[in-house]
Each structure stands twice: as C-alpha cells, then as structure tokens.
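Content type TSV, C-alpha atoms, from the file input.tsv:
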chain	number	residue	atom	x	y	z
A	292	GLY	CA	97.31	104.28	102.46
A	293	ALA	CA	98.43	101.88	99.69
A	294	VAL	CA	100.15	104.36	97.40
A	295	VAL	CA	102.18	103.27	94.40
A	296	SER	CA	104.49	105.65	92.57
A	297	GLN	CA	106.16	105.42	89.19
A	298	HIS	CA	109.17	107.25	87.88
A	299	PRO	CA	109.55	108.80	85.43
A	300	SER	CA	106.04	109.87	84.49
A	301	ARG	CA	107.13	110.65	80.96
A	302	VAL	CA	110.23	109.76	78.95
A	303	ILE	CA	111.31	110.41	75.39
A	304	CYS	CA	114.29	108.51	74.06
A	305	LYS	CA	116.08	107.71	70.84
A	306	SER	CA	115.69	104.38	69.12
A	307	GLY	CA	118.24	101.86	70.35
A	308	THR	CA	118.59	103.21	73.86
A	309	SER	CA	117.40	101.51	77.06
A	310	VAL	CA	114.90	103.01	79.44
A	311	LYS	CA	114.33	102.04	83.07
A	312	ILE	CA	110.99	102.62	84.79
A	313	GLU	CA	110.67	102.35	88.56
A	314	CYS	CA	107.62	101.25	90.50
A	315	ARG	CA	107.55	101.80	94.25
A	316	SER	CA	105.06	100.93	96.94
A	317	LEU	CA	105.33	103.88	99.32
A	318	ASP	CA	103.54	102.75	102.43
A	319	PHE	CA	103.29	98.99	102.22
A	320	GLN	CA	105.34	95.98	101.28
A	321	ALA	CA	104.51	94.46	97.93
A	322	THR	CA	105.48	90.84	97.49
A	323	THR	CA	103.99	90.92	94.03
A	324	MET	CA	104.02	93.67	91.45
A	325	PHE	CA	102.51	93.64	87.99
A	326	TRP	CA	103.50	95.46	84.84
A	327	TYR	CA	100.90	96.44	82.26
A	328	ARG	CA	101.06	98.08	78.88
A	329	GLN	CA	98.30	100.16	77.37
A	330	PHE	CA	97.97	101.27	73.77
A	331	PRO	CA	95.89	104.34	72.90
A	332	LYS	CA	92.19	103.78	73.50
A	333	LYS	CA	92.82	100.16	74.44
A	334	SER	CA	92.60	98.30	77.70
A	335	LEU	CA	95.50	97.26	79.88
A	336	MET	CA	97.54	94.27	78.78
A	337	LEU	CA	99.39	92.37	81.48
A	338	MET	CA	103.05	92.00	80.55
A	339	ALA	CA	104.51	90.22	83.55
A	340	THR	CA	104.15	89.38	87.20
A	341	SER	CA	107.09	90.33	89.37
A	342	ASN	CA	107.76	88.49	92.62
A	343	GLU	CA	110.28	89.80	95.13
A	344	GLY	CA	113.48	87.81	95.05
A	345	SER	CA	112.59	85.62	92.11
A	346	LYS	CA	112.33	85.76	88.36
A	347	ALA	CA	109.37	87.47	86.78
A	348	THR	CA	106.66	85.50	85.07
A	349	TYR	CA	106.03	86.84	81.59
A	350	GLU	CA	102.79	86.62	79.66
A	351	GLN	CA	102.72	84.87	76.33
A	352	GLY	CA	104.13	87.00	73.56
A	353	VAL	CA	106.14	89.32	75.83
A	354	GLU	CA	109.86	89.20	75.12
A	355	LYS	CA	111.79	88.54	78.31
A	356	ASP	CA	115.06	89.85	76.91
A	357	LYS	CA	113.47	93.07	75.76
A	358	PHE	CA	111.48	93.86	78.88
A	359	LEU	CA	113.76	93.17	81.83
A	360	ILE	CA	112.05	93.11	85.21
A	361	ASN	CA	113.82	93.23	88.54
A	362	HIS	CA	112.05	93.07	91.91
A	363	ALA	CA	114.96	93.45	94.26
A	364	SER	CA	113.06	94.60	97.33
A	365	LEU	CA	109.58	94.52	98.81
A	366	THR	CA	108.99	98.11	97.75
A	367	LEU	CA	110.65	98.40	94.36
A	368	SER	CA	110.28	96.78	90.97
A	369	THR	CA	111.91	98.05	87.79
A	370	LEU	CA	111.07	97.54	84.14
A	371	THR	CA	113.86	98.14	81.65
A	372	VAL	CA	112.95	98.43	77.99
A	373	THR	CA	116.13	97.44	76.21
A	374	SER	CA	117.09	98.68	72.76
A	375	ALA	CA	113.83	100.56	72.50
A	376	HIS	CA	112.13	101.01	69.13
A	377	PRO	CA	109.23	103.24	68.11
A	378	GLU	CA	106.80	100.31	68.40
A	379	ASP	CA	107.66	100.15	72.13
A	380	SER	CA	106.09	103.57	72.57
A	381	SER	CA	103.22	103.07	74.96
A	382	PHE	CA	101.80	103.79	78.39
A	383	TYR	CA	103.29	101.49	81.01
A	384	ILE	CA	101.50	101.03	84.33
A	385	CYS	CA	102.56	99.04	87.36
A	386	SER	CA	100.49	97.76	90.22
A	387	ALA	CA	101.25	96.17	93.55
A	388	ASN	CA	99.49	93.72	95.79
A	389	ASP	CA	99.80	94.14	99.52
A	390	ALA	CA	99.34	90.44	100.29
A	391	GLY	CA	96.09	91.18	102.07
A	392	THR	CA	97.42	93.49	104.76
A	393	SER	CA	94.80	96.02	103.70
A	394	GLY	CA	92.20	93.48	104.71
A	395	ARG	CA	91.18	93.07	101.09
A	396	PRO	CA	93.26	90.29	99.57
A	397	TYR	CA	94.01	90.36	95.85
A	398	GLU	CA	93.36	94.07	95.64
A	399	GLN	CA	95.87	95.78	93.41
A	400	PHE	CA	97.01	99.35	93.79
A	401	PHE	CA	98.08	101.12	90.63
A	402	GLY	CA	100.82	103.58	89.87
A	403	PRO	CA	100.13	106.71	87.80
A	404	GLY	CA	101.80	105.28	84.69
A	405	THR	CA	104.80	106.16	82.52
A	406	ARG	CA	104.40	107.48	79.00
A	407	LEU	CA	107.27	106.20	76.83
A	408	THR	CA	107.91	107.75	73.44
A	409	VAL	CA	110.68	106.28	71.30
A	410	LEU	CA	111.79	108.48	68.42
P	218	LYS	CA	90.46	81.64	80.33
P	219	GLN	CA	88.73	84.59	81.97
P	220	GLU	CA	87.25	87.15	79.60
P	221	VAL	CA	85.75	90.46	80.64
P	222	THR	CA	83.35	92.39	78.44
P	223	GLN	CA	82.06	95.91	78.99
P	224	ILE	CA	79.00	97.35	77.36
P	225	PRO	CA	78.56	99.94	75.98
P	226	ALA	CA	81.97	100.83	74.60
P	227	ALA	CA	81.04	104.51	74.64
P	228	LEU	CA	78.23	106.51	76.19
P	229	SER	CA	77.25	110.15	75.99
P	230	VAL	CA	74.64	111.57	78.36
P	231	PRO	CA	73.41	115.00	79.41
P	232	GLU	CA	74.40	116.28	82.82
P	233	GLY	CA	72.17	115.12	85.66
P	234	GLU	CA	71.21	111.78	84.20
P	235	ASN	CA	71.57	108.54	86.10
P	236	LEU	CA	73.42	105.88	84.16
P	237	VAL	CA	74.49	102.26	84.30
P	238	LEU	CA	77.67	100.71	82.99
P	239	ASN	CA	77.78	96.95	82.48
P	240	CYS	CA	80.53	94.42	82.96
P	241	SER	CA	80.34	90.67	82.38
P	242	PHE	CA	82.88	87.94	82.97
P	243	THR	CA	83.03	84.34	81.83
P	244	ASP	CA	84.53	82.56	84.87
P	245	SER	CA	82.58	83.06	88.08
P	246	ALA	CA	85.47	81.80	90.24
P	247	ILE	CA	86.68	85.25	91.21
P	248	TYR	CA	88.09	86.75	94.39
P	249	ASN	CA	86.91	90.27	93.73
P	250	LEU	CA	85.86	92.74	91.07
P	251	GLN	CA	87.14	96.28	90.83
P	252	TRP	CA	85.87	99.31	88.99
P	253	PHE	CA	88.43	101.90	87.92
P	254	ARG	CA	88.34	105.30	86.36
P	255	GLN	CA	90.96	106.42	83.86
P	256	ASP	CA	91.30	109.98	82.57
P	257	PRO	CA	93.04	110.49	79.21
P	258	GLY	CA	96.78	109.93	79.49
P	259	LYS	CA	96.54	109.15	83.18
P	260	GLY	CA	96.77	106.09	85.40
P	261	LEU	CA	93.97	104.21	87.07
P	262	THR	CA	91.92	105.44	89.99
P	263	SER	CA	90.24	102.70	91.97
P	264	LEU	CA	86.56	103.49	92.51
P	265	LEU	CA	85.07	100.44	94.15
P	266	LEU	CA	86.13	96.93	95.02
P	267	ILE	CA	83.56	94.20	95.62
P	268	GLN	CA	84.70	91.03	97.32
P	269	SER	CA	83.31	87.80	95.89
P	270	SER	CA	81.16	87.35	99.00
P	271	GLN	CA	79.58	90.79	98.63
P	272	ARG	CA	76.71	91.93	96.44
P	273	GLU	CA	77.33	95.65	96.27
P	274	GLN	CA	79.49	98.56	97.32
P	275	THR	CA	78.65	102.24	97.46
P	276	SER	CA	80.79	105.34	97.43
P	277	GLY	CA	79.10	108.70	97.10
P	278	ARG	CA	77.17	108.79	93.84
P	279	LEU	CA	78.58	105.45	92.75
P	280	ASN	CA	77.06	102.07	93.41
P	281	ALA	CA	78.52	98.82	92.10
P	282	SER	CA	76.71	95.51	92.21
P	283	LEU	CA	78.00	92.01	91.70
P	284	ASP	CA	76.12	88.89	90.67
P	285	LYS	CA	78.85	86.28	90.65
P	286	SER	CA	76.65	83.39	89.57
P	287	SER	CA	75.58	85.15	86.39
P	288	GLY	CA	78.99	86.73	85.83
P	289	ARG	CA	77.77	90.31	85.87
P	290	SER	CA	78.51	93.59	87.55
P	291	THR	CA	77.01	97.02	87.08
P	292	LEU	CA	78.30	100.45	88.00
P	293	TYR	CA	75.53	102.93	88.68
P	294	ILE	CA	76.36	106.63	88.57
P	295	ALA	CA	73.73	108.95	89.99
P	296	ALA	CA	73.22	112.54	88.91
P	297	SER	CA	76.09	112.52	86.44
P	298	GLN	CA	78.37	115.55	86.16
P	299	PRO	CA	80.78	116.70	83.43
P	300	GLY	CA	83.63	115.79	85.79
P	301	ASP	CA	82.54	112.16	85.56
P	302	SER	CA	83.69	112.07	81.94
P	303	ALA	CA	86.39	109.40	81.70
P	304	THR	CA	86.91	105.79	80.74
P	305	TYR	CA	85.57	103.30	83.26
P	306	LEU	CA	87.26	99.91	83.48
P	307	CYS	CA	86.17	96.84	85.33
P	308	ALA	CA	88.62	94.11	86.28
P	309	VAL	CA	88.25	90.75	87.96
P	310	ALA	CA	90.76	88.99	90.19
P	311	GLY	CA	90.78	85.21	90.20
P	312	ASN	CA	93.47	82.57	89.97
P	313	THR	CA	95.18	84.75	87.40
P	314	PRO	CA	96.23	88.38	87.75
P	315	LEU	CA	93.62	91.04	87.12
P	316	VAL	CA	91.78	90.69	83.85
P	317	PHE	CA	90.47	93.95	82.45
P	318	GLY	CA	87.60	94.79	80.20
P	319	LYS	CA	88.14	97.24	77.35
P	320	GLY	CA	86.32	99.97	79.18
P	321	THR	CA	83.37	102.27	78.65
P	322	ARG	CA	84.20	105.79	77.53
P	323	LEU	CA	81.74	108.14	79.21
P	324	SER	CA	81.04	111.70	78.17
P	325	VAL	CA	78.74	113.83	80.32
P	326	ILE	CA	77.57	116.89	78.43
P	327	ALA	CA	76.93	120.11	80.36
Could you quickly redo this structure as structure tokens?
Amino acid sequence: GAVVSQHPSRVICKSGTSVKIECRSLDFQATTMFWYRQFPKKSLMLMATSNEGSKATYEQGVEKDKFLINHASLTLSTLTVTSAHPEDSSFYICSANDAGTSGRPYEQFFGPGTRLTVL
Amino acid sequence: KQEVTQIPAALSVPEGENLVLNCSFTDSAIYNLQWFRQDPGKGLTSLLLIQSSQREQTSGRLNASLDKSSGRSTLYIAASQPGDSATYLCAVAGNTPLVFGKGTRLSVIA
C-alpha cells in the first residue's frame, strides 16, 4: 500500500514555456503533499507544503508565482513551473502523508520523481 | 531549526563487508526518523522508519537504531553486496516537514 505516482517522469521543454507535474496518491487519501527539488549530488530541498483545499505554504526563497501548486483533491497535487528557464532544470519529487491511516503518523511516501530539463 | 548531518559523505567497501552509516540531528523533538535509498536519477525508496518511541528497526540485512536523546541514528548493513551501491539518506520528522541529510554515497566493490 501507500503508493505515490508522478507524471511525467521526464520532460524536456523550451525556455519560457510552462510545465505541469502531477503527484497522485494511488491507494490512500493524502491531506498533505510535499514538493521537493533536488540538484545533482545534493540532498532534497523542500519547496512547499500542499494542503488539500487551501493555499500551499512555500519555503523561504521559493517563488510562489513561479512554482504554482494546486491540491484540488485528496489524491492529486500539481506543481506548475511557469515560464521555465534553464536554471529550473532539476529533479522534482513529491511526497504524501496519509494522516496516520497507515498506523505510522508523519510517515511520508515518495513519488518516483520528475526530471525537468529546460533548454 | 533542525539540522541533519550524515557521515561519511562517501564510502567504498569490498563486497561482503558489514558497514555502518551515521546520521545525527540537532533537535531531539522528533516524531520519527526514516532511512531512504536513492539510486542515481531515481526517486526515494523507504528502507526503515523508526518511531520516536522505538530504538531500532530491522529489515533483512538492514538494521537502524535510534538514540533520540543524543540525536543519533545508525544504519547497519550486513554482508554488503554490489546491489547495495546507492546514496542513503536519513530524514527526521518533527514539527516541520521532513528534514533530510545530504546523504552517504555507498559503493560496494565486487
């Protein structure tokens, strides 16, 4: 149980375009989802916390207008990178919390990640 | 602010060796600690989760311990295999979302 999927797994786009990444919890309801960014050979950096039905909470230094997060349902959160530039190229990973229904509160389940390359 | 440190940053061992990866954290007020594995270009695979009330968890050749009072956790890998080569990340959950260490890059040489 507790599977999280991400789509697409890999995307290449031109500078100036917008890219949407989906994060889905397949077999549980996720009241909270998290979006992380990872640079090569670096650890994960939390970008924002996404709560179903409310605005996302962004970490310091993350541009809200550039990284749009929508958590419209208990199983889906989306991250849209607007007007992407080469410096946005990175590995984006989402995770979801099952609110303790797994019997292990605060455990996060991670998606497989999305590799974004902006040309 | 919670900070997580992993030592060593990189480790290379011959196949068959037992090894220990270390993780330390500055704020002992945690709910749990997780160890993850990450292969190059891939997402995270959860290996073990230790609740704050627990001292250790075991899964196959892996054993993770937690000493909350001293802010330390270790991941013990027995009889290492080339397939264990990956980056191992530890992360702690507290009043803030998961805080990750920078990872230990493990290479097991056949």
Report as a tab-separated table the residues of chain A within 9 Å of chain P, each with its shortest atom pair and distance in Å (one decimal), using all atoms listed in the file, ordered by chain and increasing residue number.
residue	atom	partner	partner_atom	distance
A:Phe325	CA	P:Pro314	CA	8.2
A:Pro331	CA	P:Gly258	CA	8.7
A:Lys332	CA	P:Lys319	CA	8.6
A:Lys333	CA	P:Lys319	CA	6.2
A:Ser334	CA	P:Lys319	CA	4.6
A:Leu335	CA	P:Phe317	CA	6.5
A:Met336	CA	P:Phe317	CA	8.0
A:Leu337	CA	P:Pro314	CA	8.1
A:Thr340	CA	P:Pro314	CA	8.0
A:Phe382	CA	P:Gly258	CA	8.0
A:Ile384	CA	P:Gly260	CA	7.0
A:Arg395	CA	P:Gln268	CA	7.8
A:Pro396	CA	P:Tyr248	CA	8.1
A:Tyr397	CA	P:Ala310	CA	6.7
A:Glu398	CA	P:Asn249	CA	7.7
A:Gln399	CA	P:Leu315	CA	8.2
A:Phe400	CA	P:Ser263	CA	7.8
A:Phe401	CA	P:Leu261	CA	6.3
A:Gly402	CA	P:Gly260	CA	6.5
A:Pro403	CA	P:Gly260	CA	4.2
A:Gly404	CA	P:Gly260	CA	5.1
A:Thr405	CA	P:Gly260	CA	8.5
A:Arg406	CA	P:Gly258	CA	8.0
In the coordinate frame of the file, compute which residues have an atom within 10 Å of (107.9, 108.2, 83.7) when using only C-alpha atoms, and state them as a PyMOL selection string.
chain A and resi 296-303+310-314+382-384+403-407
Have a look at atom CA of A:Val409 and atom CA of A:Lys357 and let me know their distance in Å, one decimal.
14.2 Å
Within 9 Å of (80.5, 100.1, 89.9), in the coordinates the file gives, what residues turn up when you count only C-alpha atoms, written out as a compact mmCIF listing (two decimals) with C-alpha atoms, keeping the file's coordinate frame?
# COMPACT_ATOMS: atom_id res chain seq x y z
CA VAL P 237 74.49 102.26 84.30
CA LEU P 238 77.67 100.71 82.99
CA ASN P 239 77.78 96.95 82.48
CA CYS P 240 80.53 94.42 82.96
CA GLN P 251 87.14 96.28 90.83
CA TRP P 252 85.87 99.31 88.99
CA PHE P 253 88.43 101.90 87.92
CA LEU P 264 86.56 103.49 92.51
CA LEU P 265 85.07 100.44 94.15
CA LEU P 266 86.13 96.93 95.02
CA ILE P 267 83.56 94.20 95.62
CA GLU P 273 77.33 95.65 96.27
CA GLN P 274 79.49 98.56 97.32
CA THR P 275 78.65 102.24 97.46
CA LEU P 279 78.58 105.45 92.75
CA ASN P 280 77.06 102.07 93.41
CA ALA P 281 78.52 98.82 92.10
CA SER P 282 76.71 95.51 92.21
CA LEU P 283 78.00 92.01 91.70
CA SER P 290 78.51 93.59 87.55
CA THR P 291 77.01 97.02 87.08
CA LEU P 292 78.30 100.45 88.00
CA TYR P 293 75.53 102.93 88.68
CA ILE P 294 76.36 106.63 88.57
CA TYR P 305 85.57 103.30 83.26
CA CYS P 307 86.17 96.84 85.33
Grab the atom CA of A:Glu354 to atom CA of A:Thr408 distance for me, in Å with one decimal place.
18.7 Å
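Considering all atoms listed in the file, the residue among P:Thr313, P:Thr243, P:Asn235, P:Thr222 positioned nearest to P:Arg278 is P:Asn235.
Put simply, atom CA of A:Ala293 is 7.2 Å away from atom CA of A:Ser316.
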Find, counting all atoms listed in the file, the residue in A:Thr369, A:Asn388, A:Ser374, A:Ser341 that gets nearest to A:Asp356.
A:Ser374
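Closest approach to A:Ser368 among A:Leu410, A:Gln329, A:Val294, A:Glu343 is made by A:Glu343 (distances from all atoms listed in the file).
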What box, with edges along x, y and z, holds each listed atom of stretch 282-294 of chain P when 3 Å is added on every side, and can you state its centre and edge lengths in Å to one decimal, as AutoDock Vina command-line options?
--center_x 77.3 --center_y 95.0 --center_z 89.0 --size_x 9.5 --size_y 29.2 --size_z 12.4
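Within 12 Å of A:Lys346, once only C-alpha atoms are used and residues closer than 3 positions along the same chain are dropped, the contacting residues are Thr323, Met324, Ala339, Thr340, Ser341, Asn342, Glu343, Tyr349, Lys355, Leu359, Ile360, Asn361, His362, Ala363 and Ser368 of chain A.
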Write a file of the just-selected residues containing C-alpha atoms, as a tab-separated table (two decimals), in the frame of the given file.
chain	number	residue	atom	x	y	z
A	323	THR	CA	103.99	90.92	94.03
A	324	MET	CA	104.02	93.67	91.45
A	339	ALA	CA	104.51	90.22	83.55
A	340	THR	CA	104.15	89.38	87.20
A	341	SER	CA	107.09	90.33	89.37
A	342	ASN	CA	107.76	88.49	92.62
A	343	GLU	CA	110.28	89.80	95.13
A	349	TYR	CA	106.03	86.84	81.59
A	355	LYS	CA	111.79	88.54	78.31
A	359	LEU	CA	113.76	93.17	81.83
A	360	ILE	CA	112.05	93.11	85.21
A	361	ASN	CA	113.82	93.23	88.54
A	362	HIS	CA	112.05	93.07	91.91
A	363	ALA	CA	114.96	93.45	94.26
A	368	SER	CA	110.28	96.78	90.97
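Summary of the local environment: counting all atoms listed in the file, residues at most 10 Å from A:Asp318, other than itself and those fewer than 3 positions away along its chain, are Gly292, Ala293, Val294, Val295, Arg315, Ala321, Thr366 and Asp389 of chain A.
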